[in-house]
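Here the structure comes first, spelled out in structure tokens, and everything after it is commentary.
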There are 4 protein chains.
Amino acid sequence: MLAVHFDKIWPNRDRAWASASIAPHVLDPAYLHDQPAAPERAIAEWQIDTEQATATLLSPGTALGHLVLPLDPMLGCFGVAPDRGQAISTATSGPYGGNMDYRGFRPGVTVFLPVFTEGALFFLGDGHARQGEGEIAGTGLEISMDVEFSVSLHPQAGTRWPRGETAGHLFTVGNARPLDQAVQHATTEMLRWLCDTLHLDELGAHILLGHCAEYDTGNVFDPAYTMVCKIGKNLLPAT
Amino acid sequence: MLAVHFDKIWPNRDRAWASASIAPHVLDPAYLHDQPAAPERAIAEWQIDTEQATATLLSPGTALGHLVLPLDPMLGCFGVAPDRGQAISTATSGPYGGNMDYRGFRPGVTVFLPVFTEGALFFLGDGHARQGEGEIAGTGLEISMDVEFSVSLHPQAGTRWPRGETAGHLFTVGNARPLDQAVQHATTEMLRWLCDTLHLDELGAHILLGHCAEYDTGNVFDPAYTMVCKIGKNLLPAT
Amino acid sequence: MLAVHFDKIWPNRDRAWASASIAPHVLDPAYLHDQPAAPERAIAEWQIDTEQATATLLSPGTALGHLVLPLDPMLGCFGVAPDRGQAISTATSGPYGGNMDYRGFRPGVTVFLPVFTEGALFFLGDGHARQGEGEIAGTGLEISMDVEFSVSLHPQAGTRWPRGETAGHLFTVGNARPLDQAVQHATTEMLRWLCDTLHLDELGAHILLGHCAEYDTGNVFDPAYTMVCKIGKNLLPAT
Amino acid sequence: MLAVHFDKIWPNRDRAWASASIAPHVLDPAYLHDQPAAPERAIAEWQIDTEQATATLLSPGTALGHLVLPLDPMLGCFGVAPDRGQAISTATSGPYGGNMDYRGFRPGVTVFLPVFTEGALFFLGDGHARQGEGEIAGTGLEISMDVEFSVSLHPQAGTRWPRGETAGHLFTVGNARPLDQAVQHATTEMLRWLCDTLHLDELGAHILLGHCAEYDTGNVFDPAYTMVCKIGKNLLPAT
């Protein structure tokens with residue numbers, strides 16, 4: 001199992017581009033059908049101020065004017081080589097990670113990935129100066145990044161889907177369509193983690209997760225959607 | 001449109017019961033199939049201390065021992081009578097509200113519901129002393145509640161799904177299966193709100209929502225799942 | 001359990017109307033989005049010749065000209081009152097039947113419905129002179145019908161979803177979204193039928209159904225989709 | 001566009017093996033959960049008589065005894081190399097074909113595949129002496145085959161998903177989860193075929209497909225499910 005700690009993820013340019021429209025498949029089909037003219041798949045341009053840690057909308061012109069948003073840099077896509085010697089486009093995701101577009105992949109996070117291939121073949125990319133939850137526009141504020149990370153190897157622990165840890169939480173990641181299936185993967189992986197690695201009994205794990213789970217939405221745009229199951233570390237029995 | 005403001009939601013007993021197992025359909029089918037013995041659909045008993053605002057696990061006995069969790073009281077189910085004169089079980093949900101099991105229905109929230117029938121026929125119930133996100137156990141910590149709320153009428157604003165407001169956010173609620181469709185309903189309703197009621201231009205609404213939306217998961221247990229789309233009120237253009 | 005045998009379903013007018021466009025949610029969202037102008041939700045008019053058993057397209061004018069199709073009369077919607085005293089719109093469907101829009105509900109079919117209420121409260125309607133599989137246009141060739149049917153009561157046999165019988169097949173009906181869940185309901189109901197009522201052992205039922213099942217698509221238009229699982233009667237062990 | 005005509009698909013051994021149990025994810029989660037003991041993932045053995053064109057169940061022993069089924073040989077998996085230089089496991093499927101497990105891929109069928117790579121890199125395998133619709137057991141009667149086929153090249157015709165032709169029908173294939181999305185892909189591809197290649201006007205295509213479409217279910221077992229949209233060739237306007 002590969003542990004990747006992201007020490008730094010920070011934009012190194014002053015311009016980001018972004019999609020200016022919500023993806024059709026995130027909206028009601030009847031709404032789309034009734035729109036007299038769908039918004040162009042326009043591109044928005046954002047100015048990135050890394051000192052103030054802000055993003056300012058430059059164009060197109062809308063009632064938002066020069067909207068200013070706080071930066072929240074993250075990586076949309078990283079992972080290892082998939083199993084069976086496959087080479088799969090980084091547009092999608094799976095048990096190996098990939099294009100998960102989860103806002104929780106911020107500086108400070110540690111991610112644990114199952115290893116399928118000698119050398120693991122870790123890769124990363126898709127820097128977002130910030131991103132809406134779900135990445136419903138199909139992009140974040142896309143920009144190049146300075147990334148510093150450290151990797152270490154751990155004995156494989158029955159990991160079937162990406163796992164992660166922040167200051168406050170453990171989390172697991174399911175990648176699939178529909179979202180229901182991503183929920184199943186993430187929840188089952190957390191149950192496995194609680195029982196197999198953290199040695200909670202199964203009934204205890206059901207009670208803890210059943211009444212304390214939290215969920216974050218990764219992307220609902222890519223070929224595989226991403227759902228994240230979280231549990232507060234303060235809730236875990238002392239070991 | 002009916003606006004319901006929840007002033008108080010607070011347990012009035014000292015015991016809550018809860019499911020002690022995660023619902024089968026939230027877990028991977030292959031995991032379920034391979035379990036030598038699925039956990040019984042056991043009931044857990046919790047002691048509720050309304051002064052300390054805690055819930056303490058009494059039974060069954062597990063490695064969790066007498067786990068203590070903070071209270072976070074909310075209502076799982078409320079709504080108005082559905083359209084077309086229907087009488088639909090409160091086990092499910094729809095455009096009229098119903099069994100949404102969303103943790104954000106806490107004291108202080110205001111909810112806006114479309115009105116389909118003379119008198120609206122507002123109802124409420126399903127008190128949870130606390131609940132995991134997704135209600136994946138199929139229950140929260142079920143308990144009776146003292147509820148105080150106030151209602152007012154607003155001109156209908158093209159509302160098709162429940163809307164809500166907290167101190168920090170506006171939110172919209174979609175109820176459907178799969179979750180993908182609940183995402184479509186909630187996102188489209190928020191787009192409608194931004195454009196029709198808040199008078200943002202469509203391109204501006206796409207940019208704002210596309211890069212600042214947040215999602216909460218209501219339930220992934222009931223016949224209809226629930227997804228909530230949120231936008232920070234500080235991001236809205238001054239009106 | 002209520003058994004309903006449809007002896008006759010035959011149009012009694014000479015005009016049918018129909019939707020002239022495929023429902024937006026049956027097409028790729030990106031395709032819809034890119035269409036310069038979605039087809040109007042136009043109505044088509046068809047002439048029904050009950051002697052020749054044909055339907056002839058009268059309008060609108062297209063390259064199809066006066067397309068002539070064979071009649072294949074069926075009922076889109078019938079069922080009993082749902083459980084728990086509910087009154088649910090006939091636009092949707094469930095364990096009680098309802099708007100299933102399955103082309104197999106032709107003259108000669110026998111349908112078995114679970115009974116939830118005293119008197120069952122059987123209802124029927126939604127005559128289609130013919131219908132595409134999936135009812136993707138949202139209608140069949142809608143017309144009034146002469147319907148003759150006979151009902152009988154059978155001891156309840158653990159029926160949870162509609163079951164049916166034709167000259168050649170037994171079939172079960174699942175109504176839900178997504179279609180995957182309708183497949184689960186229909187397949188599980190057939191497994192129950194094979195094991196509980198027809199007394200096949202469970203392993204035998206898995207082998208038979210696993211390698212001989214057939215599926216028909218009811219509707220993919222209504223709030224609940226419909227999938228039908230079939231097994232040839234000649235494959236069943238003699239009893 | 002690559003056209004592949006399958007002249008012969010015929011078993012060349014006298015034994016086939018098959019899964020003896022229905023896949024967990026095709027059954028209701030609550031049913032699985034309540035089963036006291038799920039059937040083992042047993043293997044069934046079948047004797048194949050290529051002269052009589054029958055398959056006879058040899059083991060395991062069930063109430064089915066030595067069930068005899070007609071052969072209906074087909075290929076579960078074939079396709080071309082996917083786009084973007086990907087190498088994707090033949091366990092799944094996509095626009096390039098792959099593990100579609102559709103019973104209609106019988107001798108006599110012609111399949112049209114988009115070409116993404118120089119040389120197309122056509123592959124085939126996964127012979128089934130017969131298969132249930134949906135491949136709900138996860139296998140057909142697996143056996144090696146003598147396969148004869150001929151390929152030809154056609155100008156690309158906007159093909160995005162596999163298309164096919166039999167004596168009576170044109171058909172299109174969508175591969176995705178949930179099934180709803182596979183329906184969208186297959187239906188949209190047929191609409192494209194009718195409009196772009198067969199030069200039907202869009203309104204005419206909507207009417208024809210809307211009231212005459214048929215659907216077959218490929219697999220509901222693999223990572224991507226498969227749905228097939230068909231139209232009778234006798235319904236097409238003369239060209």
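Lettering and numbering for the structure tokens are positional, with chains as A, B, ... in the shown order, residues counted from 1 in each chain, and ligands counted from 1 in the shown order.
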
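Selecting chain A residues within 7 Å of chain C and counting only C-alpha atoms yields Pro24, His25, Pro29, Ala30, Leu32, His33 and Ala38 of chain A.
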
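Taking only C-alpha atoms, the non-local environment of Ala44 of chain C within 8 Å (same-chain residues fewer than 4 positions away omitted) comprises C:Trp17, C:Ala18, C:Ser19, C:Ala20, C:Leu57, C:Leu58, C:Ser59, C:Pro60.
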
Could you write out that same residue set with N, CA, C and O atoms as a compact mmCIF listing (two decimals), in the first residue's frame?
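Dumped everything to result.txt:
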```
# COMPACT_ATOMS: atom_id res chain seq x y z
N TRP C 17 -54.01 9.53 -30.75
CA TRP C 17 -52.99 10.58 -30.73
C TRP C 17 -51.75 10.02 -30.03
O TRP C 17 -51.82 9.06 -29.26
N ALA C 18 -50.62 10.67 -30.28
CA ALA C 18 -49.37 10.18 -29.71
C ALA C 18 -48.37 11.31 -29.64
O ALA C 18 -48.43 12.26 -30.42
N SER C 19 -47.47 11.20 -28.72
CA SER C 19 -46.33 12.11 -28.70
C SER C 19 -45.49 11.89 -29.95
O SER C 19 -45.32 10.76 -30.41
N ALA C 20 -44.94 12.98 -30.49
CA ALA C 20 -44.10 12.88 -31.69
C ALA C 20 -42.63 13.06 -31.37
O ALA C 20 -41.82 13.21 -32.27
N LEU C 57 -50.14 6.90 -40.04
CA LEU C 57 -49.74 8.23 -39.59
C LEU C 57 -50.42 9.30 -40.45
O LEU C 57 -50.23 9.32 -41.67
N LEU C 58 -51.18 10.17 -39.81
CA LEU C 58 -51.86 11.25 -40.56
C LEU C 58 -51.05 12.54 -40.52
O LEU C 58 -50.90 13.22 -41.51
N SER C 59 -50.53 12.86 -39.34
CA SER C 59 -49.75 14.09 -39.20
C SER C 59 -48.87 13.93 -37.98
O SER C 59 -49.18 13.11 -37.12
N PRO C 60 -47.76 14.67 -37.88
CA PRO C 60 -47.29 15.70 -38.79
C PRO C 60 -46.65 15.08 -40.04
O PRO C 60 -46.42 13.87 -40.09
```

Excluding Val173 of chain D and its own-chain neighbours fewer than 6 positions away, which residues fall within 9 Å of it when counting only C-alpha atoms? Please give them as an mmCIF file with C-alpha atoms, in the first residue's frame.
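Heads up, here's the output in around_21.cif:
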```cif
data_model
loop_
_atom_site.group_PDB
_atom_site.id
_atom_site.type_symbol
_atom_site.label_atom_id
_atom_site.label_comp_id
_atom_site.auth_asym_id
_atom_site.auth_seq_id
_atom_site.Cartn_x
_atom_site.Cartn_y
_atom_site.Cartn_z
ATOM 1 C CA PRO D 95 -17.741 2.618 -27.246
ATOM 2 C CA GLY D 97 -17.164 -2.866 -27.846
ATOM 3 C CA MET D 100 -21.062 -6.889 -23.921
ATOM 4 C CA TRP D 161 -21.161 3.183 -30.274
ATOM 5 C CA PRO D 162 -21.266 -0.283 -31.821
ATOM 6 C CA ARG D 163 -23.948 -0.751 -34.444
ATOM 7 C CA GLY D 164 -25.190 -3.987 -35.957
ATOM 8 C CA ALA D 182 -26.878 2.467 -21.532
ATOM 9 C CA VAL D 183 -30.422 3.103 -22.793
ATOM 10 C CA HIS D 185 -26.371 5.801 -25.416
ATOM 11 C CA ALA D 186 -28.105 3.130 -27.512
ATOM 12 C CA THR D 187 -31.171 5.250 -28.241
ATOM 13 C CA GLU D 189 -26.891 6.298 -31.413
ATOM 14 C CA MET D 190 -29.933 4.890 -33.226
ATOM 15 C CA GLY D 218 -26.985 -7.391 -23.036
ATOM 16 C CA THR D 226 -25.209 -3.277 -22.052
ATOM 17 C CA MET D 227 -28.497 -2.260 -23.623
ATOM 18 C CA VAL D 228 -29.403 -2.733 -27.276
ATOM 19 C CA CYS D 229 -31.858 -0.568 -29.239
#
```

Any chance you could list, as a PyMOL selection string, the residues in segment 92-221 of chain B that come up helix (DSSP H, G or I) when DSSP is run on the backbone? chain B and resi 179-197+202-212

Given the selection you just returned, output its residues as a file containing C-alpha atoms, formatted as a PDB file, in the first residue's frame.
```
ATOM      1  CA  LEU B 179     -28.715   9.789  -6.243  1.00  0.00           C
ATOM      2  CA  ASP B 180     -27.682  11.153  -9.648  1.00  0.00           C
ATOM      3  CA  GLN B 181     -31.276  12.165 -10.271  1.00  0.00           C
ATOM      4  CA  ALA B 182     -31.559  13.747  -6.812  1.00  0.00           C
ATOM      5  CA  VAL B 183     -28.436  15.775  -7.746  1.00  0.00           C
ATOM      6  CA  GLN B 184     -30.140  16.870 -10.969  1.00  0.00           C
ATOM      7  CA  HIS B 185     -33.289  17.999  -9.156  1.00  0.00           C
ATOM      8  CA  ALA B 186     -31.431  19.881  -6.406  1.00  0.00           C
ATOM      9  CA  THR B 187     -28.987  21.550  -8.793  1.00  0.00           C
ATOM     10  CA  THR B 188     -31.665  22.583 -11.273  1.00  0.00           C
ATOM     11  CA  GLU B 189     -33.835  23.975  -8.455  1.00  0.00           C
ATOM     12  CA  MET B 190     -30.897  26.069  -7.212  1.00  0.00           C
ATOM     13  CA  LEU B 191     -30.259  27.340 -10.746  1.00  0.00           C
ATOM     14  CA  ARG B 192     -33.926  28.294 -10.964  1.00  0.00           C
ATOM     15  CA  TRP B 193     -33.711  30.066  -7.625  1.00  0.00           C
ATOM     16  CA  LEU B 194     -30.611  32.021  -8.615  1.00  0.00           C
ATOM     17  CA  CYS B 195     -32.089  33.056 -11.954  1.00  0.00           C
ATOM     18  CA  ASP B 196     -35.821  33.482 -11.342  1.00  0.00           C
ATOM     19  CA  THR B 197     -35.964  34.756  -7.777  1.00  0.00           C
ATOM     20  CA  GLU B 202     -28.078  32.556 -16.436  1.00  0.00           C
ATOM     21  CA  LEU B 203     -24.375  32.605 -17.308  1.00  0.00           C
ATOM     22  CA  GLY B 204     -23.582  34.184 -13.964  1.00  0.00           C
ATOM     23  CA  ALA B 205     -25.647  31.547 -12.185  1.00  0.00           C
ATOM     24  CA  HIS B 206     -23.789  28.779 -14.006  1.00  0.00           C
ATOM     25  CA  ILE B 207     -20.412  30.233 -13.042  1.00  0.00           C
ATOM     26  CA  LEU B 208     -21.348  30.872  -9.413  1.00  0.00           C
ATOM     27  CA  LEU B 209     -22.978  27.504  -8.843  1.00  0.00           C
ATOM     28  CA  GLY B 210     -20.440  25.658 -10.969  1.00  0.00           C
ATOM     29  CA  HIS B 211     -17.517  26.797  -8.840  1.00  0.00           C
ATOM     30  CA  CYS B 212     -19.085  27.349  -5.402  1.00  0.00           C
TER      31      CYS B 212
END
```

As a PyMOL selection string, which residues of segment 1-236 of chain C does DSSP assign to strand (DSSP E)? chain C and resi 2-11+15-19+43-49+54-59+68-70+74-79+93-94+97-99+110-113+123-128+145-153+163-165+169-176+214-217+225-232

Find the residues near Gly108 of chain A: any atom within 8 Å, counting only C-alpha atoms, skip ones fewer than 6 places away on the same chain, and give them as an MDAnalysis selection string. chainID A and resid 5:8 166:167

Same residues, N, CA, C and O atoms, saved as a short mmCIF file (atom, residue, chain, number, x, y, z; two decimals), in the first residue's frame:
```cif
data_model
loop_
_atom_site.label_atom_id
_atom_site.label_comp_id
_atom_site.auth_asym_id
_atom_site.auth_seq_id
_atom_site.Cartn_x
_atom_site.Cartn_y
_atom_site.Cartn_z
N HIS A 5 1.74 11.65 1.15
CA HIS A 5 1.38 12.84 1.93
C HIS A 5 1.64 14.08 1.08
O HIS A 5 2.75 14.27 0.58
N PHE A 6 0.60 14.90 0.92
CA PHE A 6 0.77 16.12 0.13
C PHE A 6 1.18 17.26 1.06
O PHE A 6 0.38 17.73 1.88
N ASP A 7 2.41 17.69 0.95
CA ASP A 7 2.93 18.75 1.81
C ASP A 7 2.52 20.12 1.28
O ASP A 7 2.23 21.04 2.04
N LYS A 8 2.52 20.26 -0.02
CA LYS A 8 2.25 21.58 -0.60
C LYS A 8 1.54 21.40 -1.94
O LYS A 8 1.94 20.58 -2.77
N THR A 166 -6.99 13.04 7.28
CA THR A 166 -6.72 14.46 7.52
C THR A 166 -6.52 14.63 9.02
O THR A 166 -6.54 13.65 9.78
N ALA A 167 -6.36 15.87 9.45
CA ALA A 167 -6.19 16.12 10.88
C ALA A 167 -7.35 15.55 11.68
O ALA A 167 -7.16 14.99 12.76
#
```

Atom pair atom CA of Asn234 of chain B / atom CA of His169 of chain A: separation (Å):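 Rounded to one decimal, the two atoms are 27.2 Å apart.
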
Excluding Gly125 of chain A and its own-chain neighbours fewer than 4 positions away, which residues fall within 12 Å of it when counting only C-alpha atoms? Please give them as a list in words.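 What passes the distance filter is Ile9, Met74, Leu75, Gly76, Cys77, Phe78, Gly79, Thr90, Ala91, Gly98, Asn99, Met100, Asp101, Phe105, Glu142, Ile143, Ser144, Met145, Asp146 and Val147 of chain A.
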
Next, write the just-selected residues to a file, as a short mmCIF file (atom, residue, chain, number, x, y, z; two decimals), in the first residue's frame, keeping C-alpha atoms as the atom set.
```
data_model
loop_
_atom_site.label_atom_id
_atom_site.label_comp_id
_atom_site.auth_asym_id
_atom_site.auth_seq_id
_atom_site.Cartn_x
_atom_site.Cartn_y
_atom_site.Cartn_z
CA ILE A 9 -0.18 22.26 -3.44
CA MET A 74 -6.26 20.89 -4.59
CA LEU A 75 -5.40 18.15 -7.06
CA GLY A 76 -8.20 16.71 -9.17
CA CYS A 77 -6.35 13.67 -10.39
CA PHE A 78 -3.69 11.31 -9.03
CA GLY A 79 -3.30 7.62 -8.55
CA THR A 90 -6.91 9.93 -16.63
CA ALA A 91 -10.36 11.31 -17.49
CA GLY A 98 -7.57 8.80 -11.01
CA ASN A 99 -9.77 11.74 -11.84
CA MET A 100 -11.71 11.97 -8.57
CA ASP A 101 -11.94 15.76 -8.35
CA PHE A 105 -7.28 16.42 -1.71
CA GLU A 142 -7.53 25.02 -13.79
CA ILE A 143 -3.94 26.08 -13.18
CA SER A 144 -0.44 24.66 -12.88
CA MET A 145 0.81 23.94 -9.38
CA ASP A 146 3.90 23.55 -7.28
CA VAL A 147 3.37 20.24 -5.57
#
```

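The smallest atom-to-atom distance between Thr92 of chain D and any of D:Gly119, D:Pro223, D:Pro107, D:Gly132, using only C-alpha atoms, is found for D:Pro223.
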
Name all residues at most 9 Å from Gly85 of chain A (count only C-alpha atoms; drop same-chain ones fewer than 6 positions away) and give them as a PyMOL selection string. (chain A and resi 116-117) or (chain D and resi 87-89)

For the selection you just gave me, I'd like the residues written to a file as a compact mmCIF listing (two decimals), in the first residue's frame, keeping all heavy atoms.
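As written to disk, again01.txt reads:
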```
# COMPACT_ATOMS: atom_id res chain seq x y z
N PHE A 116 -0.85 -2.11 -7.53
CA PHE A 116 -1.16 -3.22 -8.42
C PHE A 116 0.03 -3.65 -9.26
O PHE A 116 -0.01 -4.69 -9.90
CB PHE A 116 -2.30 -2.82 -9.36
CG PHE A 116 -3.57 -2.45 -8.65
CD1 PHE A 116 -3.99 -1.13 -8.55
CD2 PHE A 116 -4.36 -3.43 -8.05
CE1 PHE A 116 -5.17 -0.79 -7.90
CE2 PHE A 116 -5.54 -3.09 -7.39
CZ PHE A 116 -5.94 -1.77 -7.32
N THR A 117 1.05 -2.79 -9.31
CA THR A 117 2.13 -2.99 -10.28
C THR A 117 3.46 -2.72 -9.60
O THR A 117 3.51 -1.87 -8.70
CB THR A 117 1.97 -1.99 -11.44
OG1 THR A 117 0.66 -2.11 -11.96
CG2 THR A 117 2.99 -2.23 -12.53
N ALA D 87 -5.45 0.79 -22.84
CA ALA D 87 -5.52 -0.67 -22.81
C ALA D 87 -6.43 -1.03 -21.65
O ALA D 87 -6.06 -0.87 -20.50
CB ALA D 87 -4.12 -1.26 -22.60
N ILE D 88 -7.65 -1.45 -21.98
CA ILE D 88 -8.69 -1.67 -20.97
C ILE D 88 -9.02 -3.14 -20.90
O ILE D 88 -9.15 -3.81 -21.93
CB ILE D 88 -9.93 -0.82 -21.33
CG1 ILE D 88 -9.58 0.67 -21.27
CG2 ILE D 88 -11.10 -1.14 -20.40
CD1 ILE D 88 -10.72 1.60 -21.62
N SER D 89 -9.18 -3.64 -19.69
CA SER D 89 -9.50 -5.05 -19.48
C SER D 89 -10.70 -5.49 -20.30
O SER D 89 -11.69 -4.76 -20.42
CB SER D 89 -9.80 -5.28 -17.99
OG SER D 89 -10.49 -6.50 -17.81
```
